[in-house]
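Participant: So here's entry_19.pdb, just PDB, C-alpha atoms:
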MODEL        1
ATOM      1  CA  MET L   1      -9.972  -0.137 -14.064  1.00  0.00           C
ATOM      2  CA  LEU L   2      -8.753   2.934 -12.201  1.00  0.00           C
ATOM      3  CA  LEU L   3      -5.256   2.611 -10.717  1.00  0.00           C
ATOM      4  CA  LEU L   4      -3.548   4.974  -8.274  1.00  0.00           C
ATOM      5  CA  LEU L   5       0.203   5.183  -8.886  1.00  0.00           C
ATOM      6  CA  PHE L   6       2.998   5.511  -6.337  1.00  0.00           C
ATOM      7  CA  THR L   7       6.710   4.797  -6.113  1.00  0.00           C
ATOM      8  CA  ALA L   8       8.945   2.871  -3.755  1.00  0.00           C
ATOM      9  CA  GLY L   9      12.613   3.361  -4.476  1.00  0.00           C
ATOM     10  CA  ARG L  10      12.979   3.399  -8.265  1.00  0.00           C
ATOM     11  CA  ASP L  11       9.990   1.134  -8.929  1.00  0.00           C
ATOM     12  CA  ARG L  12       6.514   2.265  -9.988  1.00  0.00           C
ATOM     13  CA  TYR L  13       3.518   0.575  -8.355  1.00  0.00           C
ATOM     14  CA  ALA L  14      -0.246   0.798  -8.694  1.00  0.00           C
ATOM     15  CA  ILE L  15      -3.140   0.009  -6.390  1.00  0.00           C
ATOM     16  CA  ALA L  16      -6.666  -0.576  -7.675  1.00  0.00           C
ATOM     17  CA  GLY L  17      -9.021   2.320  -7.057  1.00  0.00           C
ATOM     18  CA  ALA L  18     -11.741  -0.066  -5.852  1.00  0.00           C
ATOM     19  CA  GLN L  19      -9.580  -0.914  -2.815  1.00  0.00           C
ATOM     20  CA  ILE L  20      -9.071   2.712  -1.796  1.00  0.00           C
ATOM     21  CA  VAL L  21     -11.246   4.389   0.826  1.00  0.00           C
ATOM     22  CA  GLU L  22      -9.551   7.803   0.681  1.00  0.00           C
ATOM     23  CA  VAL L  23      -6.205   9.448  -0.054  1.00  0.00           C
ATOM     24  CA  ILE L  24      -5.110  11.983   2.545  1.00  0.00           C
ATOM     25  CA  PRO L  25      -2.017  14.176   2.922  1.00  0.00           C
ATOM     26  CA  TYR L  26       0.879  13.075   5.081  1.00  0.00           C
ATOM     27  CA  LEU L  27      -0.151  14.201   8.540  1.00  0.00           C
ATOM     28  CA  GLN L  28       1.123  13.824  12.059  1.00  0.00           C
ATOM     29  CA  ILE L  29       1.418  10.130  12.883  1.00  0.00           C
ATOM     30  CA  GLU L  30       1.175   9.146  16.530  1.00  0.00           C
ATOM     31  CA  GLN L  31       4.189   6.997  17.320  1.00  0.00           C
ATOM     32  CA  ARG L  32       4.021   4.135  19.793  1.00  0.00           C
ATOM     33  CA  ALA L  33       6.983   2.184  21.089  1.00  0.00           C
ATOM     34  CA  SER L  34       5.173  -1.167  20.933  1.00  0.00           C
ATOM     35  CA  LEU L  35       4.636  -1.092  17.155  1.00  0.00           C
ATOM     36  CA  PRO L  36       6.851  -3.017  14.716  1.00  0.00           C
ATOM     37  CA  GLU L  37       9.321  -1.014  12.594  1.00  0.00           C
ATOM     38  CA  LEU L  38       7.133  -1.458   9.500  1.00  0.00           C
ATOM     39  CA  ILE L  39       4.381   0.557  11.207  1.00  0.00           C
ATOM     40  CA  PRO L  40       5.647   4.064  12.058  1.00  0.00           C
ATOM     41  CA  GLY L  41       2.468   4.868  13.990  1.00  0.00           C
ATOM     42  CA  ILE L  42      -1.282   5.336  13.889  1.00  0.00           C
ATOM     43  CA  ILE L  43      -3.714   8.078  12.952  1.00  0.00           C
ATOM     44  CA  ASN L  44      -7.234   8.811  14.071  1.00  0.00           C
ATOM     45  CA  TYR L  45      -9.541   8.446  11.052  1.00  0.00           C
ATOM     46  CA  ARG L  46     -13.130   9.336  11.903  1.00  0.00           C
ATOM     47  CA  SER L  47     -12.674   8.110  15.484  1.00  0.00           C
ATOM     48  CA  ILE L  48     -11.081   4.844  14.339  1.00  0.00           C
ATOM     49  CA  PRO L  49      -7.419   4.108  15.129  1.00  0.00           C
ATOM     50  CA  VAL L  50      -5.734   3.271  11.818  1.00  0.00           C
ATOM     51  CA  PRO L  51      -2.254   1.731  11.605  1.00  0.00           C
ATOM     52  CA  ILE L  52       0.054   3.253   9.007  1.00  0.00           C
ATOM     53  CA  VAL L  53       2.294   0.901   7.007  1.00  0.00           C
ATOM     54  CA  ASP L  54       5.402   2.378   5.403  1.00  0.00           C
ATOM     55  CA  LEU L  55       5.316   0.894   1.885  1.00  0.00           C
ATOM     56  CA  SER L  56       8.785   2.133   1.035  1.00  0.00           C
ATOM     57  CA  LEU L  57      10.185   0.332   4.075  1.00  0.00           C
ATOM     58  CA  LEU L  58       8.270  -2.823   3.136  1.00  0.00           C
ATOM     59  CA  LEU L  59       9.304  -2.820  -0.512  1.00  0.00           C
ATOM     60  CA  THR L  60      12.825  -1.310  -0.432  1.00  0.00           C
ATOM     61  CA  ASP L  61      13.995  -1.481   3.202  1.00  0.00           C
ATOM     62  CA  LYS L  62      14.276   2.344   3.249  1.00  0.00           C
ATOM     63  CA  PRO L  63      11.701   4.533   5.034  1.00  0.00           C
ATOM     64  CA  CYS L  64       9.359   6.812   3.123  1.00  0.00           C
ATOM     65  CA  ARG L  65      10.653  10.345   2.660  1.00  0.00           C
ATOM     66  CA  ARG L  66       8.468  13.238   3.753  1.00  0.00           C
ATOM     67  CA  ARG L  67       7.696  15.182   0.573  1.00  0.00           C
ATOM     68  CA  LEU L  68       4.774  17.153  -0.802  1.00  0.00           C
ATOM     69  CA  SER L  69       3.826  14.134  -2.912  1.00  0.00           C
ATOM     70  CA  THR L  70       3.924  11.710   0.052  1.00  0.00           C
ATOM     71  CA  ARG L  71       0.404  10.602   0.911  1.00  0.00           C
ATOM     72  CA  ILE L  72      -1.466   8.162   3.119  1.00  0.00           C
ATOM     73  CA  ILE L  73      -3.649   5.815   1.067  1.00  0.00           C
ATOM     74  CA  LEU L  74      -6.481   4.548   3.244  1.00  0.00           C
ATOM     75  CA  THR L  75      -7.550   1.103   2.103  1.00  0.00           C
ATOM     76  CA  ARG L  76      -9.565  -1.831   3.338  1.00  0.00           C
ATOM     77  CA  TYR L  77      -7.409  -4.712   4.466  1.00  0.00           C
ATOM     78  CA  ASN L  78      -8.448  -8.333   4.685  1.00  0.00           C
ATOM     79  CA  ALA L  79      -5.512 -10.694   4.609  1.00  0.00           C
ATOM     80  CA  GLU L  80      -5.619 -13.758   2.435  1.00  0.00           C
ATOM     81  CA  ASN L  81      -5.271 -17.144   4.097  1.00  0.00           C
ATOM     82  CA  THR L  82      -6.444 -15.967   7.505  1.00  0.00           C
ATOM     83  CA  ALA L  83      -9.357 -17.970   8.798  1.00  0.00           C
ATOM     84  CA  PRO L  84     -11.525 -16.613  10.235  1.00  0.00           C
ATOM     85  CA  PRO L  85     -10.625 -12.920  10.022  1.00  0.00           C
ATOM     86  CA  LYS L  86     -11.200 -10.849  13.149  1.00  0.00           C
ATOM     87  CA  SER L  87     -13.445  -8.582  11.125  1.00  0.00           C
ATOM     88  CA  PRO L  88     -14.515  -8.626   7.470  1.00  0.00           C
ATOM     89  CA  SER L  89     -12.069  -5.827   6.780  1.00  0.00           C
ATOM     90  CA  GLN L  90     -10.252  -3.108   8.623  1.00  0.00           C
ATOM     91  CA  ILE L  91      -8.923   0.185   7.376  1.00  0.00           C
ATOM     92  CA  ILE L  92      -5.175   0.619   7.186  1.00  0.00           C
ATOM     93  CA  GLY L  93      -3.086   3.496   5.901  1.00  0.00           C
ATOM     94  CA  LEU L  94      -0.369   2.965   3.330  1.00  0.00           C
ATOM     95  CA  LEU L  95       2.349   5.603   3.465  1.00  0.00           C
ATOM     96  CA  ALA L  96       3.710   6.076  -0.056  1.00  0.00           C
ATOM     97  CA  GLU L  97       5.764   8.524  -2.104  1.00  0.00           C
ATOM     98  CA  ASN L  98       4.832  10.243  -5.385  1.00  0.00           C
ATOM     99  CA  VAL L  99       1.102   9.642  -5.024  1.00  0.00           C
ATOM    100  CA  THR L 100       0.196  12.228  -7.650  1.00  0.00           C
ATOM    101  CA  GLU L 101      -1.291  10.345 -10.568  1.00  0.00           C
ATOM    102  CA  SER L 102      -4.006   7.877 -11.451  1.00  0.00           C
ATOM    103  CA  VAL L 103      -4.530   6.035 -14.720  1.00  0.00           C
ATOM    104  CA  ASN L 104      -7.502   4.301 -16.243  1.00  0.00           C
ATOM    105  CA  VAL L 105      -6.656   0.908 -17.717  1.00  0.00           C
ATOM    106  CA  SER L 106      -9.120  -1.222 -19.635  1.00  0.00           C
ATOM    107  CA  LYS L 107     -10.138  -4.465 -17.972  1.00  0.00           C
ATOM    108  CA  SER L 108      -8.659  -6.276 -20.931  1.00  0.00           C
ATOM    109  CA  GLY L 109      -5.184  -5.130 -19.848  1.00  0.00           C
ATOM    110  CA  THR L 110      -3.188  -8.308 -19.657  1.00  0.00           C
ATOM    111  CA  CYS L 111      -1.890  -9.450 -16.275  1.00  0.00           C
ATOM    112  CA  GLN L 112       1.067 -11.650 -15.724  1.00  0.00           C
ATOM    113  CA  THR L 113       2.662 -12.966 -12.563  1.00  0.00           C
ATOM    114  CA  GLU L 114       6.349 -13.201 -11.876  1.00  0.00           C
ATOM    115  CA  GLY L 115       7.601 -16.159  -9.848  1.00  0.00           C
ATOM    116  CA  LYS L 116       8.093 -16.187  -6.105  1.00  0.00           C
ATOM    117  CA  GLU L 117      10.817 -14.001  -4.693  1.00  0.00           C
ATOM    118  CA  THR L 118      12.727 -13.996  -1.446  1.00  0.00           C
ATOM    119  CA  LYS L 119      10.938 -10.869  -0.205  1.00  0.00           C
ATOM    120  CA  PRO L 120       8.192 -11.531   2.367  1.00  0.00           C
ATOM    121  CA  TYR L 121       5.455 -10.182   0.101  1.00  0.00           C
ATOM    122  CA  GLY L 122       5.803 -12.998  -2.454  1.00  0.00           C
ATOM    123  CA  GLY L 123       5.498 -12.843  -6.218  1.00  0.00           C
ATOM    124  CA  LYS L 124       4.875  -9.721  -8.251  1.00  0.00           C
ATOM    125  CA  GLN L 125       1.876  -9.103 -10.466  1.00  0.00           C
ATOM    126  CA  TYR L 126       2.089  -6.766 -13.451  1.00  0.00           C
ATOM    127  CA  ILE L 127      -0.530  -5.230 -15.698  1.00  0.00           C
ATOM    128  CA  ASN L 128       0.034  -3.997 -19.231  1.00  0.00           C
ATOM    129  CA  ALA L 129      -1.067  -0.360 -19.265  1.00  0.00           C
ATOM    130  CA  GLU L 130       0.115   0.775 -22.701  1.00  0.00           C
ATOM    131  CA  GLU L 131      -3.056   2.751 -23.433  1.00  0.00           C
ATOM    132  CA  ALA L 132      -2.297   4.834 -20.325  1.00  0.00           C
ATOM    133  CA  GLY L 133       1.308   5.435 -21.365  1.00  0.00           C
ATOM    134  CA  TYR L 134       2.959   2.790 -19.181  1.00  0.00           C
ATOM    135  CA  ASN L 135       4.461  -0.442 -20.466  1.00  0.00           C
ATOM    136  CA  MET L 136       3.968  -2.404 -17.276  1.00  0.00           C
ATOM    137  CA  LEU L 137       2.737  -1.429 -13.836  1.00  0.00           C
ATOM    138  CA  GLN L 138       3.459  -3.506 -10.780  1.00  0.00           C
ATOM    139  CA  ILE L 139       0.202  -4.090  -8.885  1.00  0.00           C
ATOM    140  CA  PHE L 140       0.219  -3.788  -5.090  1.00  0.00           C
ATOM    141  CA  ASP L 141      -2.552  -5.827  -3.431  1.00  0.00           C
ATOM    142  CA  PRO L 142      -2.724  -5.118   0.326  1.00  0.00           C
ATOM    143  CA  GLY L 143      -4.538  -8.386   1.123  1.00  0.00           C
ATOM    144  CA  LYS L 144      -1.811 -10.450  -0.524  1.00  0.00           C
ATOM    145  CA  LEU L 145       1.305  -8.424   0.092  1.00  0.00           C
ATOM    146  CA  LEU L 146       1.096  -7.004   3.600  1.00  0.00           C
ATOM    147  CA  PRO L 147       2.391  -9.190   6.425  1.00  0.00           C
ATOM    148  CA  ALA L 148      -0.786 -10.650   7.929  1.00  0.00           C
ATOM    149  CA  ALA L 149       1.008 -11.914  11.028  1.00  0.00           C
ATOM    150  CA  ILE L 150       1.836  -8.320  12.009  1.00  0.00           C
ATOM    151  CA  LEU L 151      -1.441  -6.603  11.084  1.00  0.00           C
ATOM    152  CA  ASP L 152      -3.867  -9.271  12.310  1.00  0.00           C
ATOM    153  CA  ASN L 153      -2.273  -9.323  15.774  1.00  0.00           C
ATOM    154  CA  LEU L 154      -1.816  -5.559  16.050  1.00  0.00           C
ATOM    155  CA  VAL L 155      -3.168  -4.059  19.246  1.00  0.00           C
ATOM    156  CA  LEU L 156      -3.928  -0.357  18.955  1.00  0.00           C
TER     157      LEU L 156
ENDMDL
END
Written as structure tokens, that's how I'd like the structure from this file.
Facilitator:
Amino acid sequence: MLLLLFTAGRDRYAIAGAQIVEVIPYLQIEQRASLPELIPGIINYRSIPVPIVDLSLLLTDKPCRRRLSTRIILTRYNAENTAPPKSPSQIIGLLAENVTESVNVSKSGTCQTEGKETKPYGGKQYINAEEAGYNMLQIFDPGKLLPAAILDNLVL
């Protein structure tokens, strides 16, 4: 399984390549006053308004820094436990730092789940990626970890 790596604070995260539509450079984000703090703005992606979620702000309570390695990860979002969804999936942008590396991990890589935490995104899931040079990678799943109440009711 192909994983794209990024960081938030001092922690290393990974997102499955199958969930990614495209990775684009940090570009001008249109800010709107009506958006929640977690969403610094929107971009126009192939004539579709796409909300941008600041992953660093979500995971560490500190906004993403603008660096050469800061990227926007475009991914399909379909929140869990929302019935029925407004659409099968929508594209959202995930603003993340140090998006410079991907690793290939065998499907037999063991997964384990850590118990619930007080953070709004719930428990953490890890994958053993020793063959790729990483002991454990924390998996970020947009459908499970992004606040559905904010994104499902977002008016662009």
Participant: Suppose you want the space between CA of Ser69 (chain L) and CA of Ile29 (chain L); what is it in Å?
Facilitator: 16.5 Å
Participant: Need to verify the contact set: region 20-26 of chain L, 8 Å, only C-alpha atoms, exclusion of same-chain residues closer than 2 positions in sequence. Can you return it as a list in words?
Facilitator: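 Near neighbours after the sequence-gap exclusion: Ile15, Ala16, Gly17, Ala18, Gln28, Arg66, Thr70, Arg71, Ile72, Ile73, Leu74, Thr75, Arg76 and Leu95 of chain L.
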Participant: Could you work out how far CA of Asn78 (chain L) lies from CA of Gly41 (chain L), giving the answer in Å with one decimal?
Facilitator: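 If I compute the distance from CA of Gly41 (chain L) to CA of Asn78 (chain L), I get 19.5 Å.
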Participant: When the PyMOL selection byres ((chain L and resi 54) around 6) is applied to the file above, which residues end up in the set, as an MDAnalysis selection string?
Facilitator: chainID L and resid 38 53 55:57 95
Participant: Please save C-alpha atoms of the selected residues as a PDB file, in the frame of the given file.
Facilitator:
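Generated output (part_3.pdb):
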ATOM      1  CA  LEU L  38       7.133  -1.458   9.500  1.00  0.00           C
ATOM      2  CA  VAL L  53       2.294   0.901   7.007  1.00  0.00           C
ATOM      3  CA  LEU L  55       5.316   0.894   1.885  1.00  0.00           C
ATOM      4  CA  SER L  56       8.785   2.133   1.035  1.00  0.00           C
ATOM      5  CA  LEU L  57      10.185   0.332   4.075  1.00  0.00           C
ATOM      6  CA  LEU L  95       2.349   5.603   3.465  1.00  0.00           C
TER       7      LEU L  95
END
Participant: Under the rule that all atoms listed in the file are counted, which of L:Arg67, L:Ile139, L:Ser34, L:Tyr77 is the nearest residue to Val99 (chain L)?
Facilitator: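 Going through L:Arg67, L:Ile139, L:Ser34, L:Tyr77 one by one, the smallest distance to Val99 (chain L) is for L:Arg67.
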Participant: What is the distance between CA of Ile43 (chain L) and CA of Arg12 (chain L), in Å to one decimal?
Facilitator: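 CA of Arg12 (chain L) lies at a distance of 25.8 Å from CA of Ile43 (chain L).
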Participant: Take the PyMOL selection byres ((chain L and resi 58) around 12), run it mentally on this structure, and tell me the resulting residues as a PyMOL selection string.
Facilitator: chain L and resi 8-9+36-40+52-57+59-64+94-96+119-122+140+142+145-147
Participant: Name the closest residue to Arg32 (chain L) among the candidates L:Tyr45, L:Leu4, L:Pro51, L:Asp141; distances are taken between atoms, counting all atoms listed in the file.
Facilitator: L:Pro51
Participant: For Ile42 (chain L), which of L:Ala14, L:Glu30, L:Thr7, L:Val103 is the closest residue, counting all atoms listed in the file?
Facilitator: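 Under the stated criterion, the closest residue is L:Glu30.
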Participant: Choose the residue, out of L:Ala33, L:Leu27, L:Val50, L:Leu3, that has the smallest atom-to-atom separation from Gly93 (chain L); count all atoms listed in the file.
Facilitator: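 Using all atoms listed in the file, the shortest distance to Gly93 (chain L) belongs to L:Val50.
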